[in-house]
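Here's work13.cif, which has mmCIF, C-alpha atoms:
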data_query
#
loop_
_atom_site.label_atom_id
_atom_site.label_comp_id
_atom_site.auth_asym_id
_atom_site.auth_seq_id
_atom_site.Cartn_x
_atom_site.Cartn_y
_atom_site.Cartn_z
CA MET A 1 -12.84 5.08 122.93
CA SER A 2 -9.56 4.45 121.19
CA LEU A 3 -8.66 7.23 118.75
CA ASP A 4 -5.24 7.93 117.32
CA ARG A 5 -4.01 11.51 117.12
CA GLY A 6 -4.91 11.79 113.45
CA ARG A 7 -8.55 10.87 114.14
CA ILE A 8 -8.72 13.30 117.06
CA VAL A 9 -7.39 16.04 114.76
CA GLU A 10 -10.23 15.36 112.31
CA VAL A 11 -12.79 15.48 115.11
CA LEU A 12 -11.39 18.80 116.37
CA ARG A 13 -11.21 20.22 112.85
CA ARG A 14 -15.01 19.82 112.50
CA CYS A 15 -15.53 21.92 115.62
CA PRO A 16 -16.24 25.59 114.74
CA LEU A 17 -14.03 26.75 117.60
CA PHE A 18 -10.98 25.15 115.96
CA ALA A 19 -11.91 25.74 112.31
CA GLY A 20 -9.03 27.08 110.26
CA LEU A 21 -6.35 26.35 112.84
CA GLU A 22 -2.90 25.50 111.56
CA ASP A 23 -2.17 21.77 111.32
CA GLU A 24 0.69 22.03 113.81
CA HIS A 25 -1.59 23.59 116.40
CA LEU A 26 -4.33 21.03 115.81
CA LEU A 27 -1.80 18.21 116.19
CA ALA A 28 -0.45 19.69 119.39
CA LEU A 29 -3.96 20.23 120.78
CA ALA A 30 -4.93 16.67 119.84
CA GLY A 31 -1.93 15.39 121.78
CA LYS A 32 -3.19 17.15 124.92
CA SER A 33 -6.86 16.14 124.48
CA ARG A 34 -8.37 12.82 125.50
CA ALA A 35 -11.02 10.57 124.01
CA LYS A 36 -13.72 8.85 126.00
CA THR A 37 -16.72 6.62 125.34
CA TYR A 38 -20.03 6.79 127.21
CA ASP A 39 -22.56 3.97 127.19
CA ARG A 40 -26.25 4.63 126.66
CA ASP A 41 -27.75 6.61 129.59
CA ASP A 42 -24.32 7.49 130.99
CA HIS A 43 -24.04 11.16 131.96
CA LEU A 44 -21.20 13.29 130.66
CA PHE A 45 -22.01 15.71 133.49
CA TRP A 46 -24.80 16.79 135.82
CA THR A 47 -26.29 20.17 136.66
CA GLY A 48 -24.04 21.81 139.24
CA ASP A 49 -20.87 19.98 138.18
CA PRO A 50 -17.84 22.24 137.65
CA GLY A 51 -17.23 23.44 134.10
CA GLY A 52 -13.89 24.03 132.41
CA THR A 53 -14.14 21.24 129.83
CA MET A 54 -15.67 21.03 126.37
CA TYR A 55 -16.88 17.85 124.67
CA VAL A 56 -16.62 17.42 120.91
CA ILE A 57 -18.85 14.57 119.77
CA ALA A 58 -17.08 12.08 117.49
CA SER A 59 -19.96 9.56 117.30
CA GLY A 60 -23.33 8.93 118.90
CA ARG A 61 -25.81 11.43 120.33
CA VAL A 62 -26.20 13.39 123.56
CA SER A 63 -29.35 14.81 125.13
CA ILE A 64 -29.07 18.12 126.99
CA GLU A 65 -31.67 18.05 129.77
CA LYS A 66 -33.07 20.08 132.65
CA GLN A 67 -35.58 19.39 135.39
CA ASP A 68 -38.67 21.59 135.54
CA SER A 69 -40.41 22.81 138.70
CA ASP A 70 -42.26 19.47 138.94
CA ASP A 71 -38.97 17.52 138.78
CA ARG A 72 -39.78 16.27 135.29
CA VAL A 73 -36.81 15.93 132.96
CA LYS A 74 -37.13 17.93 129.75
CA THR A 75 -34.88 17.68 126.72
CA ILE A 76 -33.50 21.06 125.69
CA SER A 77 -31.60 19.88 122.63
CA LEU A 78 -29.93 16.89 121.00
CA ARG A 79 -26.30 16.97 119.86
CA GLY A 80 -24.63 14.68 117.35
CA PRO A 81 -21.27 14.10 115.59
CA GLY A 82 -19.31 17.29 114.95
CA GLU A 83 -21.27 19.26 117.56
CA VAL A 84 -19.91 20.50 120.87
CA ILE A 85 -21.12 20.62 124.45
CA GLY A 86 -20.00 23.03 127.16
CA GLU A 87 -17.89 25.33 125.00
CA LEU A 88 -18.76 28.45 127.04
CA SER A 89 -17.43 26.83 130.20
CA LEU A 90 -13.93 27.14 128.71
CA PHE A 91 -14.14 30.91 129.09
CA VAL A 92 -16.72 31.56 131.81
CA ASP A 93 -16.28 30.31 135.36
CA GLY A 94 -19.27 28.53 136.82
CA SER A 95 -21.02 25.22 137.19
CA ARG A 96 -23.03 23.27 134.63
CA THR A 97 -26.57 24.55 134.13
CA ALA A 98 -27.98 21.36 132.60
CA ASP A 99 -27.41 17.60 132.43
CA ALA A 100 -25.76 15.93 129.44
CA ARG A 101 -26.77 12.28 128.86
CA ALA A 102 -25.66 9.87 126.15
CA ILE A 103 -28.74 8.41 124.44
CA GLU A 104 -26.65 5.81 122.62
CA SER A 105 -23.05 4.71 122.74
CA THR A 106 -21.20 8.01 122.29
CA GLY A 107 -17.56 8.88 121.70
CA VAL A 108 -16.21 12.33 122.54
CA VAL A 109 -12.97 14.26 122.52
CA ILE A 110 -12.51 16.25 125.73
CA VAL A 111 -10.65 19.56 125.75
CA ASN A 112 -10.06 21.61 128.89
CA SER A 113 -9.75 25.35 129.34
CA ALA A 114 -6.04 25.33 130.15
CA GLN A 115 -5.30 23.72 126.77
CA VAL A 116 -7.35 26.31 124.88
CA ASP A 117 -5.77 29.18 126.83
CA GLU A 118 -2.35 27.92 125.81
CA PHE A 119 -3.20 27.84 122.12
CA ILE A 120 -5.00 31.20 122.11
CA ASP A 121 -1.59 32.76 122.78
CA LEU A 122 -0.15 30.87 119.81
CA SER A 123 -2.93 31.16 117.23
CA PRO A 124 -4.59 34.44 116.18
CA ARG A 125 -7.19 32.37 114.31
CA LEU A 126 -8.23 30.60 117.50
CA ALA A 127 -8.51 33.94 119.30
CA ARG A 128 -10.78 35.19 116.49
CA ASN A 129 -12.87 32.01 116.67
CA VAL A 130 -13.33 32.53 120.41
CA ILE A 131 -14.53 36.11 119.84
CA GLU A 132 -16.96 34.94 117.16
CA LEU A 133 -18.24 32.15 119.42
CA LEU A 134 -18.89 34.50 122.34
CA ALA A 135 -20.51 37.10 120.09
CA THR A 136 -22.80 34.45 118.59
CA LYS A 137 -23.78 33.11 122.00
CA LEU A 138 -24.52 36.64 123.24
CA ALA A 139 -26.69 37.36 120.20
CA GLN A 140 -28.58 34.08 120.65
CA SER A 141 -29.10 34.76 124.36
CA THR A 142 -30.38 38.27 123.64
CA GLU A 143 -32.73 36.97 120.96
CA ARG A 144 -34.14 34.31 123.31
CA TYR A 145 -34.62 36.89 126.04
CA LEU A 146 -36.40 39.31 123.72
CA GLU A 147 -38.64 36.55 122.38
CA ALA A 148 -39.51 35.38 125.89
CA SER A 149 -40.19 38.97 126.96
CA LYS A 150 -42.36 39.53 123.91
CA LYS A 151 -44.46 36.48 124.67
CA LEU A 152 -44.86 37.51 128.30
CA ILE A 153 -45.93 41.01 127.25
CA ASN A 154 -48.60 39.40 125.06
CA ARG A 155 -49.88 37.34 128.00
CA ILE A 156 -49.86 40.34 130.35
CA ALA A 157 -51.68 42.43 127.76
CA GLU A 158 -54.34 39.73 127.49
CA LEU A 159 -54.70 39.63 131.28
CA LEU A 160 -55.03 43.42 131.49
CA VAL A 161 -57.59 43.54 128.69
CA THR A 162 -59.64 40.89 130.51
CA GLU A 163 -59.43 42.85 133.76
CA LEU A 164 -60.45 46.04 131.98
CA ARG A 165 -63.52 44.35 130.55
CA ARG A 166 -64.42 42.91 133.94
CA THR A 167 -63.95 45.96 136.10
CA SER A 168 -62.75 49.38 135.01
CA GLN A 169 -63.76 53.01 134.93
CA LYS A 170 -62.89 56.05 132.85
CA ASP A 171 -61.09 59.19 133.91
CA GLU A 172 -61.90 62.73 132.77
CA GLN A 173 -59.93 62.13 129.56
CA GLY A 174 -61.88 58.99 128.72
CA ARG A 175 -59.00 56.66 129.47
CA ARG A 176 -59.66 53.23 130.97
CA ILE A 177 -58.51 52.82 134.57
CA LEU A 178 -58.02 49.80 136.78
CA ALA A 179 -58.31 51.20 140.28
CA ASP A 180 -57.16 47.93 141.82
CA CYS A 181 -54.89 46.29 139.27
CA PRO A 182 -53.45 42.87 140.26
CA SER A 183 -50.03 43.22 141.87
CA GLN A 184 -46.90 42.10 140.05
CA GLN A 185 -46.73 39.01 142.25
CA GLU A 186 -50.39 38.20 141.57
CA ILE A 187 -49.79 38.54 137.83
CA ALA A 188 -46.69 36.34 138.12
CA ASP A 189 -48.66 33.67 139.98
CA ARG A 190 -51.46 33.72 137.43
CA LEU A 191 -49.07 33.51 134.47
CA ASN A 192 -46.68 31.04 136.13
CA CYS A 193 -43.60 33.23 135.79
CA SER A 194 -41.33 35.29 138.04
CA ARG A 195 -42.23 38.69 139.49
CA GLU A 196 -38.98 40.06 138.05
CA HIS A 197 -40.07 39.14 134.52
CA VAL A 198 -43.48 40.73 135.10
CA ASN A 199 -41.75 43.89 136.32
CA LYS A 200 -39.64 44.09 133.16
CA ALA A 201 -42.63 43.49 130.89
CA LEU A 202 -44.74 46.15 132.62
CA ARG A 203 -41.83 48.56 132.42
CA GLN A 204 -41.65 47.90 128.67
CA LEU A 205 -45.38 48.67 128.33
CA LYS A 206 -44.82 51.92 130.21
CA ASP A 207 -41.75 52.83 128.15
CA ASP A 208 -43.81 52.25 124.99
CA GLY A 209 -46.45 54.69 126.24
CA ILE A 210 -49.19 52.06 126.49
CA ILE A 211 -49.88 52.18 130.25
CA GLU A 212 -49.12 54.18 133.36
CA THR A 213 -49.05 52.76 136.88
CA GLN A 214 -49.42 54.47 140.24
CA GLY A 215 -49.26 51.77 142.88
CA ARG A 216 -52.23 49.46 142.25
CA ARG A 217 -53.84 52.04 139.93
CA LEU A 218 -53.27 51.38 136.23
CA VAL A 219 -54.18 53.83 133.45
CA VAL A 220 -54.38 52.69 129.83
CA ILE A 221 -52.81 55.38 127.65
CA ASP A 222 -53.12 53.54 124.33
CA ALA A 223 -56.01 51.06 124.47
CA GLN A 224 -55.64 50.06 120.82
CA ALA A 225 -51.96 49.20 121.27
CA LEU A 226 -52.76 47.14 124.37
CA LYS A 227 -55.50 45.21 122.56
CA SER A 228 -53.21 44.57 119.59
CA LEU A 229 -50.67 42.91 121.92
CA ALA A 230 -53.27 40.57 123.43
CA PRO A 231 -53.28 37.20 121.58
#
Reformat the file's structure so that it appears as structure tokens.
Amino acid sequence: MSLDRGRIVEVLRRCPLFAGLEDEHLLALAGKSRAKTYDRDDHLFWTGDPGGTMYVIASGRVSIEKQDSDDRVKTISLRGPGEVIGELSLFVDGSRTADARAIESTGVVIVNSAQVDEFIDLSPRLARNVIELLATKLAQSTERYLEASKKLINRIAELLVTELRRTSQKDEQGRRILADCPSQQEIADRLNCSREHVNKALRQLKDDGIIETQGRRLVVIDAQALKSLAP
């Protein structure tokens, strides 16, 4: 893609990371960036590729994709003009965690981490934008984790309620007991998730005073709360 420096400046200016930067810094950054065009179905990068570069979309659209456990490709999100791809890789070492594929002819401006590092030292506004970006990404990641944990807790609560109805007894205080509760791995297999996530969800139920566990023995402390969590 052929873009003059003025056009690259306008593309960068639309990127939240560079919003509010001084014109001289944008011009200098544009001079160190490069433009590239991808044809339909070309990949900008693949899962496992090294990071360190960010793509600002000037035109076209890009699909962010991952393969599931059955090797089926799933679209995570679609990005269009003015949006960015791979911005966190400028500040966090590591490889790409998804594929990025052009779904139509797509033009991008590519910025690498060394260029951004150079201008962070020159522009307090860019440094502030970086802090805001990382804070936003952390908040979004935490929200997604909490939402996923909440949904898993609901599914585990439903499983436990079903088990209690099927086979349970009462202790001297009238509390429901599963003498042989499914193991964490058995629960994970039944709910198609990881044992680690089951462990965290069960720990949350214990911290909330809803259940107690002693090996395979599970005691329901608050039956009403457990039932309310079950979908």
Cut-off 6 Å: closest region 83-199 of chain A/region 19-42 of chain A atom pairs per residue, using all atoms listed in the file, as a tab-separated table:
residue	atom	partner	partner_atom	distance
A:Arg101	CA	A:Asp42	CA	5.8
A:Ala102	CA	A:Asp41	CA	5.2
A:Ile103	CA	A:Arg40	CA	5.0
A:Glu104	CA	A:Arg40	CA	4.2
A:Ser105	CA	A:Asp39	CA	4.5
A:Thr106	CA	A:Tyr38	CA	5.2
A:Gly107	CA	A:Thr37	CA	4.4
A:Val108	CA	A:Lys36	CA	5.5
A:Val109	CA	A:Ala35	CA	4.4
A:Ile110	CA	A:Arg34	CA	5.4
A:Val111	CA	A:Ser33	CA	5.3
Name the residues that the PyMOL selection byres ((chain A and resi 100) around 8) picks from the file above, as number ranges by chain, using the file's chain letters and numbers. A: 43-46, 62-65, 98-99, 101-102
Would you mind telling me which residue in A:Ala230, A:Leu152, A:Ala225, A:Ala179 lies nearest to Lys200 (chain A) when using all atoms listed in the file?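 Once distances to Lys200 (chain A) are computed over all atoms listed in the file, the minimum belongs to A:Leu152.
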Do you have the CA of Leu218 (chain A)-CA of Leu178 (chain A) distance handy?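 Atom-to-atom, CA of Leu218 (chain A) to CA of Leu178 (chain A), that is 5.0 Å.
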Quick one: residues within 9 Å of Asp222 (chain A), all atoms listed in the file counted, chain neighbours fewer than 6 positions away excluded, as a VMD selection string? chain A and resid 175 209 to 211
